[in-house]
Structure formats: structure tokens, C-alpha cells
Amino acid sequence: MISNNTIISQLRSLYRNNATLSMLIVIFIFLTFLFSIFLPGKIFSVANFQSMAYQLPELSILAIAMMITMLSGGINLSIIATANASGIITATILTKLITADSGNSFYILVAAVLAGWVAAFLIGAINGFIIAYIGVSPILATLGMMTLLQGLNILYTKGYVISGFPPEILFIGNGTILGIPFPLIIFLTIAFIIAILLDKTPFGVSNYLIGSNETASYLSGINVKRVLIWTYAISGLLCGVASTIMISHFNSARAGYGASYLLVTILAAVLGGVNPYGGLGKVSGLVVALFILQIASSGLNLLGVSTHFTKALWGIILIFVIGLRNIKFKNNIKN
Amino acid sequence: MTIKDLSKKYEFYLFIIIISLCILFSFFTKEFLTLENFLDLLTNYSFLGIMSAGMLIVLISGGIDLSFTAIATISEYMIALIIINYNGNLLTAFIVSCLIGIILGCFNAFIIYYFKAPSLIVTIATLNIFYGFIILVTKGRWIYNFPTWFREMRNIFEFTAGNGKEYEIALPILLLLFVFIITYILLNYTFLGRKIIAFGGNQEAARRMGFNIFHITIFVYAFMGFLAGVGAISHVLIVQTVQANAIVGRELEVIAAVVLGGASLAGGKGTILGTILGVTLIAIMWNGLVLMGISSYWQPVILGLIIILSVISSAYSSRKSILGGTKIDIK
């Protein structure tokens with residue numbers, strides 16, 4: 001009886017300290033329970049786990065790219081366009097430069113991937129410059145960048161697919177190390193690095209502070225402009241990494257990959273506890289939220305639900321989560 | 001008003017750009033500077049113009065709405081349902097279309113107000129909800145079997161010009177004029193309009209002044225929804241088909257037109273004249289590019305450049321600091 005009480009009180013203190021995370025884990029367990037009843041043997045099959053392990057990383061890295069800008073009180077609507085632009089650049093170099101007679105294709109491969117990353121980083125830095133130095137609202141700046149990049153992507157590819165990569169790069173999107181899918185390893189590494197970057201470095205703390213109060217951060221001596229440029233540049237770079245996984249998974253690059261990801265990345269961030277006005281949110285929450293969304297979307301897919309319904313459902317869940325946040329926030333103020 | 005006063009106005013520069021583009025395009029193509037082309041442009045871009053007036057009000061209030069294209073699509077399917085299946089007349093279709101717009105706009109406003117959520121995130125969510133459901137219900141079907149009387153409704157009167165050619169004035173042009181006039185009156189001559197501007201300029205100040213923020217929010221998004229309804233009817237009248245993916249995706253064009261007209265997301269800024277000029281500039285540019293035979297692949301590239309350059313220039317000219325307009329005196 002006594003030990004039971006202590007367990008409950010321990011759970012309570014855990015919940016109080018880490019409310020979002022514990023709630024997410026409860027939802028996760030509930031969902032897996034639900035799907036294992038309705039889809040016996042399907043959702044927990046090896047095949048489904050594998051397909052989830054390959055789908056999750058690219059979406060997740062894009063969600064982290066979205067999250068760090070949201071933490072600073074902004075938003076990056078151009079993540080998908082940036083990823084596609086970066087993927088198209090990598091793909092072009094790969095298909096144009098590597099031919100049958102070129103000897104050592106490994107260096108070209110590395111150069112192609114790096115070129116895509118640098119391009120994505122620069123796109124992000126331009127976003128950051130427009131937002132921080134010129135003072136354009138993040139929504140309009142990244143919306144303009146999104147339109148421009150989408151336009152350039154379509155203009156360059158004419159809507160076609162660029163394909164035919166050397167087999168080495170396919171490993172990034174499809175390979176396994178010790179049985180663990182390689183994209184998953186990349187994602188977990190990035191999540192770990194970003195978590196440390198946000199929690200333990202001056203940059204990360206400044207990013208949170210700017211999100212909660214930009215004026216106060218400026219007055220307390222934080223170089224707001226520089227931090228914001230870095231935030232958007234890192235966000236761009238993450239899009240580049242996501243694009244490498246994406247193009248090597250599909251073995252092709254195209255202007256229209258991942259078009260439906262924008263809503264899901266915002267949903268994942270908000271579900272994971274990121275305050276839509278900035279300043280609050282942890283990578284751990286985001287990661288659990290992403291697992292939940294992946295399980296839910298795989299489950300709905302296996303149940304044969306229409307993708308349009310799934311999209312509408314994501315919208316409903318997003319509004320629902322924002323509503324819950326608001327209620328919780330009000331209660332916190334009352335207490 | 002002297003030239004010196006004019007040169008301080010943002011709209012003046014837009015006007016000069018439009019005139020120079022007109023001169024440029026008329027050199028390249030003979031068809032550009034004709035009354036026929038002018039009326040065609042006015043008809044075809046009436047939808048963009050109507051939506052832009054609504055977006056202007058939303059941006060002035062400091063918000064943004066991305067869901068209006070989905071609202072307009074739902075309205076279009078309702079118009080088709082009323083006209084084709086229930087043999088309704090144009091007025092019933094118009095009223096129902098606007099009502100749907102107002103209801104869905106209010107839905108946006110309720111969520112934005114009660115959940116204290118950013119309008120961007122809420123409207124991205126509702127865009128997906130509205131669009132997902134309408135596709136689910138209609139299966140994305142195209143509808144084009146409108147009755148003949150509906151086709152004839154498009155042009156309300158025709159006239160013959162001095163050179164013997166026949167011209168037609170389409171109903172959407174009148175709807176466009178109507179929308180611009182009520183938006184102008186709303187912004188300049190009503191208490192509510194001034195409240196919206198004040199609210200967009202400084203929300204906290206507006207709240208402390210005792211403005212009813214709830215009423216303002218409801219009105220702004222309901223007005224956007226109402227105009228989505230009006231826009232839906234004019235779009236159906238022009239193209240005579242209803243198609244699920246015709247409008248969704250065009251929200252960027254609308255936003256581009258409005259920010260080109262000098263409105264900014266910081267709120268409290270923007271005029272109907274600027275918006276009219278912004279829409280005109282985009283219409284002329286698209287038309288000129290088509291007449292010059294430039295690939296339509298360039299269109300989104302130019303659109304993106306327009307958005308970026310106009311938000312940069314408007315941010316630059318307002319000389320607001322990066323601190324979102326707060327000026328702090330430290331002595």
C-alpha cells in the first residue's frame with residue numbers, strides 16, 4: 001500500500017516536471033494498443049516497422065528544421081522547397097558528373113552531397129538575413145522564398161524527375177548498419193546534436209530567449225540578428241540533410257517531393273510541446289510526437305483511410321492540440 | 001497635391017511601374033493596349049481582386065488567412081449544387097455561397113480568438129480540414145454541366161464601340177467594383193475600419209483602449225470568408241466549371257498582390273488603392289508575359305521575387321527596427 005503510494009507520487013512528480021513528454025508517451029502507448037487491437041499482426045509486422053523506419057527520418061529532420069525557427073518566435077515555410085532545391089542540386093551533380101568511365105566516384109559523391117548542403121545552408125542564411133537585418137516578418141519572408149524556390153525547382157526540372165544515381169548514395173536512404181536502418185541513425189544523431197545545441201550552448205539559449213522576448217534579449221546584450229541568421233541557416237542545412245535522405249531513398253529528385261509535409265511538421269512541433277509563439281519546446285517532445293504521428297499515419301494507411309481524410313484529420317488534431325495547450329496555459333496562470 | 005507630396009507615397013511608385021510596364025509591353029505586342037484585352041484582364045483577374053480586398057483587411061488586422069481558397073472551393077461546389085441539382089437562381093446561389101464563406105470564416109476567427117493561436121497555423125490547419133473534406137465528399141469531380149441561362153448570366157451588358165467592335169461587361173467586373181467600394185468605405189469611413197487598423201497597429205493598446213477584440217477578429221475573418229463566397233461566384237461565372245484544384249494554391253498570388261500594394265504583416269498598414277495597384281501590376285505582368293510568349297514556368301519564380309522584393313522594400317521604407325517596431329529610448 002505504501003509502496004504503491006510512492007510509485008503514484010513518483011509518477012505525479014514525473015508528470016509535473018515533464019508534463020508534455022509524459023502525456024505524449026501515454027498517447028503513444030494508447031495508440032499502439034488501439035492499433036494492435038484493430039490491426040492485429042499488421043502494424044507490428046517487420047515489414048511495417050521497416051517502412052516506418054525509412055519514412056520517419058526525412059519528415060523528422062524537416063520537423064526539427066521547422067521547430068528551431070518556431071522556438072525563435074518565427075516560422076520557416078520554405079523547408080520543403082529548400083529540401084527539394086538542395087536535392088535537385090545534388091542530383092544534377094551526381095547525374096552529370098558521374099559517368100561509367102569516371103574512376104573514383106566517391107569524391108564526386110561527397111562533393112555533390114556537400115554542394116546540396118551548402119546551397120540549403122545559404123538559402124537559410126538568406127532567409128535569416130531578410131528576417132533579422134531587414135525586419136521582414138518570418139511568415140512573409142519564408143513564404144516568398146518558398147514560392148521562389150518552388151518556381152526555380154519546376155523551371156529547372158520542367159516537372160520531370162532526375163534519376164539514375166550511383167549505387168553508393170542509395171546506401172544513405174536504404175542501407176542498414178547492424179540491422180538498424182541508416183536514415184534512422186542519421187535522424188537520431190541529428191536529434192541528439194540539436195538537443196545539445198539548444199540546451200547547452202549560448203546559441204541555443206539565446207534562440208529560446210529571442211522566442212520568448214525579443215526586445216528583452218536585445219537589451220540583455222544578445223546579438224539578436226546574428227543568432228537569427230544562424231537559426232535560419234541551420235534550419236536550411238537540416239533541410240539539405242533531409243533532402244539527401246529523401247533523394248537517395250527514392251533514387252530520384254523532383255520539384256514536388258514531400259508537398260504534404262508542411263502541415264505535418266508544424267503539427268509535430270506543436271504536438272511535441274513547442275509554443276507556436278516561440279520560446280518553449282524540447283527536441284525530446286518533438287521526437288515522441290513524430291513517433292506518434294508516424295504510428296498514426298501508418299495505422300490509418302493500413303486501415304485504408306483516404307489520404308484526404310488523413311490530411312483533414314491532421315488539421316483537426318492540430319487545432320485540438322492548440323486548444324488543449326491554451327487551456328493548460330490558462331490553468332497555469334490561475335495556479 | 002504637388003509632385004513632391006506624391007513622391008512620398010508608395011502607391012505613386014507602383015503607379016509609375018505599372019505605366020512603364022504598359023509602355024514596355026505595348027512595344028512588344030500589339031494586342032496589349034486594346035480595350036478588348038483590358039476588359040478580358042479585368043474579368044479574368046476579378047477573382048484575384050476580390051480575394052485581395054479580403055486579404056488586405058486580414059493583413060491590416062495583423063493576421064493572415066491561408067484557408068480562403070479552400071472556403072471558395074467549398075462555396076463553388078455549393079453553387080454548382082444549387083444551380084444544377086436544385087434549379088436555384090443566381091441570387092440564392094450568391095447568398096448561400098456568401099453564407100458558407102461567413103460561417104467558415106467565423107470558424108477560423110473563433111479558433112484564433114479562443115485558442116489564442118497564431119492565425120497562420122490555425123488557417124494552415126483549417127485549409128487542410130476544409131480542403132480534405134470537400135475532396136472527400138466530392139471525390140474531386142469536375143462539374144461543367146451548368147444550364148444555359150447561367151452561361152448567359154456572365155455578361156450583363158454589351159455595347160458597340162466607335163470602331164464597330166462589340167464589347168461585353170461581365171458581372172464579375174461589377175462584383176469587383178462593389179467589393180473595392182465597400183472595402184474602401186469600411187477602411188476609411190467607418191468606426192469599425194479604423195478600429196481594425198488600430199488593432200493591427202498595436203493589439204495590446206487596442207485591448208487596453210477597451211476595443212472588443214472578439215468582435216474585430218470575428219468581423220475580419222468573416223469578411224474574408226464573405227469575399228471568398230463572392231469570389232467563388234465570380235470565378236464560377238467566368239470559367240463555368242467547378243474543379244477542386246482550380247483555386248487552392250492561388251493564395252500566394254493573392255498575398256503577393258496585397259504585399260505588393262504596401263500592406264505588411266506587422267499590421268496596421270495598407271490601403272485599398274495600393275491593393276488595387278498591386279493586383280493591376282500582377283495582372284499586367286502575367287498578361288504581358290503570356291503575350292510575349294514567355295514560358296509559364298517563369299510565373300512562380302517571378303511571383304516569389306515579387307513577394308520577397310516587395311516585403312523587403314516595404315520593411316525598409318517603414319524603417320521599423322528588427323524589434324518589431326518597438327522603439328525604446330535609453331538615455
# chains A, B, ... in the order shown; residues from 1 in each chain; ligands from 1
$ closest_atom_pairs --of "chain A" --to "chain B" --cutoff "6 Å" --atoms "only C-alpha atoms" --output "Markdown table"
| residue | atom | partner | partner_atom | distance |
| --- | --- | --- | --- | --- |
| A:Gly135 | CA | B:Ile322 | CA | 4.7 |
| A:Val136 | CA | B:Ala315 | CA | 5.8 |
| A:Gly144 | CA | B:Gly304 | CA | 4.8 |
| A:Thr147 | CA | B:Gly304 | CA | 4.6 |
| A:Leu148 | CA | B:Gly304 | CA | 3.9 |
| A:Gly151 | CA | B:Val301 | CA | 4.3 |
| A:Leu152 | CA | B:Val301 | CA | 5.8 |
| A:Leu155 | CA | B:Tyr297 | CA | 5.2 |
| A:His308 | CA | B:Gly132 | CA | 4.6 |
| A:Phe309 | CA | B:Gly132 | CA | 5.7 |
| A:Lys311 | CA | B:Asn128 | CA | 5.9 |
| A:Ala312 | CA | B:Ile129 | CA | 3.9 |
| A:Gly315 | CA | B:Ala125 | CA | 4.1 |
| A:Gly323 | CA | B:Phe115 | CA | 5.1 |
| A:Asn326 | CA | B:Phe115 | CA | 5.7 |
$ residues_around --residues "stretch 91-108 of chain B" --least-positions-apart "4" --cutoff "9 Å" --atoms "only C-alpha atoms" --output "PyMOL selection string"
chain B and resi 65+67-68+71-72+74-76+78-83+112-113+119+122-123+126+130+217-230+232-233
$ closest_residue --among "A:Ile172, A:Val227, A:Val321, A:Leu263" --to "A:Ala242" --atoms "only C-alpha atoms"
A:Ile172
$ residues_around --residues "A:Leu237" --least-positions-apart "6" --cutoff "10 Å" --atoms "only C-alpha atoms" --output "VMD selection string"
chain A and resid 62 65 79 82 to 83 86 116 to 125 231 243
$ residues_around --residues "B:Trp142" --least-positions-apart "6" --cutoff "9 Å" --atoms "only C-alpha atoms" --output "NGL selection string"
:B and (241-244)
$ closest_residue --among "B:Gly140, B:Gly231, B:Gly62, B:Gly261" --to "B:Ile197" --atoms "only C-alpha atoms"
B:Gly62
$ atom_distance --atom1 "atom CA of A:Ile177" --atom2 "atom CA of A:Cys239"
23.2 Å
$ residues_around --residues "stretch 56-61 of chain A" --least-positions-apart "3" --cutoff "9 Å" --atoms "only C-alpha atoms" --output "CSV table (one decimal) with N, CA and C atoms, in the first residue's frame"
chain,number,residue,atom,x,y,z
A,51,SER,N,9.3,0.0,-43.1
A,51,SER,CA,8.8,1.1,-43.9
A,51,SER,C,8.7,2.3,-43.0
A,52,MET,N,8.3,2.2,-41.8
A,52,MET,CA,8.2,3.4,-40.9
A,52,MET,C,9.6,3.9,-40.6
A,53,ALA,N,10.6,3.0,-40.4
A,53,ALA,CA,11.9,3.5,-40.1
A,53,ALA,C,12.5,4.2,-41.3
A,64,ILE,N,12.5,19.1,-37.3
A,64,ILE,CA,13.4,19.8,-36.5
A,64,ILE,C,13.8,21.1,-37.1
A,65,ALA,N,13.9,21.1,-38.4
A,65,ALA,CA,14.2,22.4,-39.1
A,65,ALA,C,13.1,23.4,-38.9
A,66,MET,N,11.9,22.9,-38.9
A,66,MET,CA,10.7,23.8,-38.6
A,66,MET,C,10.8,24.3,-37.1
A,183,PRO,N,19.1,5.7,-42.3
A,183,PRO,CA,18.4,7.0,-42.1
A,183,PRO,C,18.0,7.3,-40.7
A,184,LEU,N,17.6,6.2,-40.0
A,184,LEU,CA,17.2,6.3,-38.6
A,184,LEU,C,18.4,6.7,-37.7
A,185,ILE,N,19.5,6.2,-38.1
A,185,ILE,CA,20.8,6.6,-37.3
A,185,ILE,C,21.1,8.0,-37.5
A,186,ILE,N,21.0,8.5,-38.8
A,186,ILE,CA,21.2,9.9,-39.1
A,186,ILE,C,20.3,10.8,-38.3
A,187,PHE,N,19.0,10.4,-38.3
A,187,PHE,CA,18.0,11.2,-37.6
A,187,PHE,C,18.3,11.3,-36.1
A,188,LEU,N,18.5,10.1,-35.5
A,188,LEU,CA,18.8,10.2,-34.1
A,188,LEU,C,20.0,11.0,-33.7
A,190,ILE,N,21.2,13.5,-35.4
A,190,ILE,CA,20.9,14.9,-35.6
A,190,ILE,C,20.0,15.4,-34.4
A,191,ALA,N,19.0,14.6,-34.0
A,191,ALA,CA,18.2,15.0,-32.9
A,191,ALA,C,19.0,15.2,-31.7
A,238,LEU,N,19.5,21.6,-42.2
A,238,LEU,CA,18.8,20.4,-41.9
A,238,LEU,C,17.9,20.0,-43.1
A,239,CYS,N,17.3,21.0,-43.8
A,239,CYS,CA,16.5,20.6,-45.0
A,239,CYS,C,17.4,19.9,-46.0
A,241,VAL,N,20.1,18.1,-45.3
A,241,VAL,CA,20.3,16.7,-44.9
A,241,VAL,C,19.1,15.8,-45.2
A,242,ALA,N,17.9,16.4,-44.9
A,242,ALA,CA,16.7,15.6,-45.1
A,242,ALA,C,16.6,15.3,-46.6
A,243,SER,N,17.0,16.3,-47.5
A,243,SER,CA,16.9,16.0,-48.9
A,243,SER,C,17.8,14.9,-49.4
A,244,THR,N,19.0,14.8,-48.7
A,244,THR,CA,19.9,13.7,-49.1
A,244,THR,C,19.3,12.4,-48.9
A,245,ILE,N,18.6,12.3,-47.7
A,245,ILE,CA,18.0,11.0,-47.4
A,245,ILE,C,16.8,10.8,-48.3
A,246,MET,N,16.1,11.9,-48.6
A,246,MET,CA,14.9,11.7,-49.5
A,246,MET,C,15.3,11.3,-50.9
A,258,GLY,N,7.4,15.5,-51.1
A,258,GLY,CA,7.1,16.0,-49.7
A,258,GLY,C,6.2,17.2,-49.6
A,261,TYR,N,4.2,17.7,-46.4
A,261,TYR,CA,4.9,17.6,-45.1
A,261,TYR,C,4.7,18.9,-44.3
A,264,VAL,N,2.3,18.7,-41.5
A,264,VAL,CA,2.7,17.6,-40.5
A,264,VAL,C,3.9,18.1,-39.7
A,265,THR,N,4.8,18.9,-40.3
A,265,THR,CA,5.9,19.3,-39.4
A,265,THR,C,5.5,20.3,-38.4
A,268,ALA,N,3.7,18.3,-35.8
A,268,ALA,CA,4.6,17.6,-34.9
A,268,ALA,C,5.2,18.5,-33.9
A,286,LEU,N,9.4,16.6,-29.4
A,286,LEU,CA,9.2,16.6,-30.9
A,286,LEU,C,9.4,15.1,-31.4
A,287,VAL,N,10.5,14.5,-30.8
A,287,VAL,CA,10.7,13.1,-31.3
A,287,VAL,C,9.6,12.2,-31.0
A,290,LEU,N,6.7,12.8,-33.2
A,290,LEU,CA,6.9,12.3,-34.5
A,290,LEU,C,6.6,10.8,-34.6
A,291,PHE,N,7.0,10.1,-33.5
A,291,PHE,CA,6.7,8.6,-33.5
A,291,PHE,C,5.2,8.4,-33.4
A,294,GLN,N,3.8,9.1,-36.9
A,294,GLN,CA,4.2,8.0,-37.8
A,294,GLN,C,3.3,6.8,-37.6
$ closest_residue --among "B:Gly278, B:Gly63, B:Gly288, B:Pro147" --to "B:Tyr13" --atoms "only C-alpha atoms"
B:Gly278
$ select_by_dssp --residues "stretch 158-203 of chain B" --states "alpha helix (DSSP H)" --output "ChimeraX atom specification"
/B:171-189,191-201,203
$ atom_distance --atom1 "atom CA of A:Leu280" --atom2 "atom CA of A:Gly204"
11.7 Å
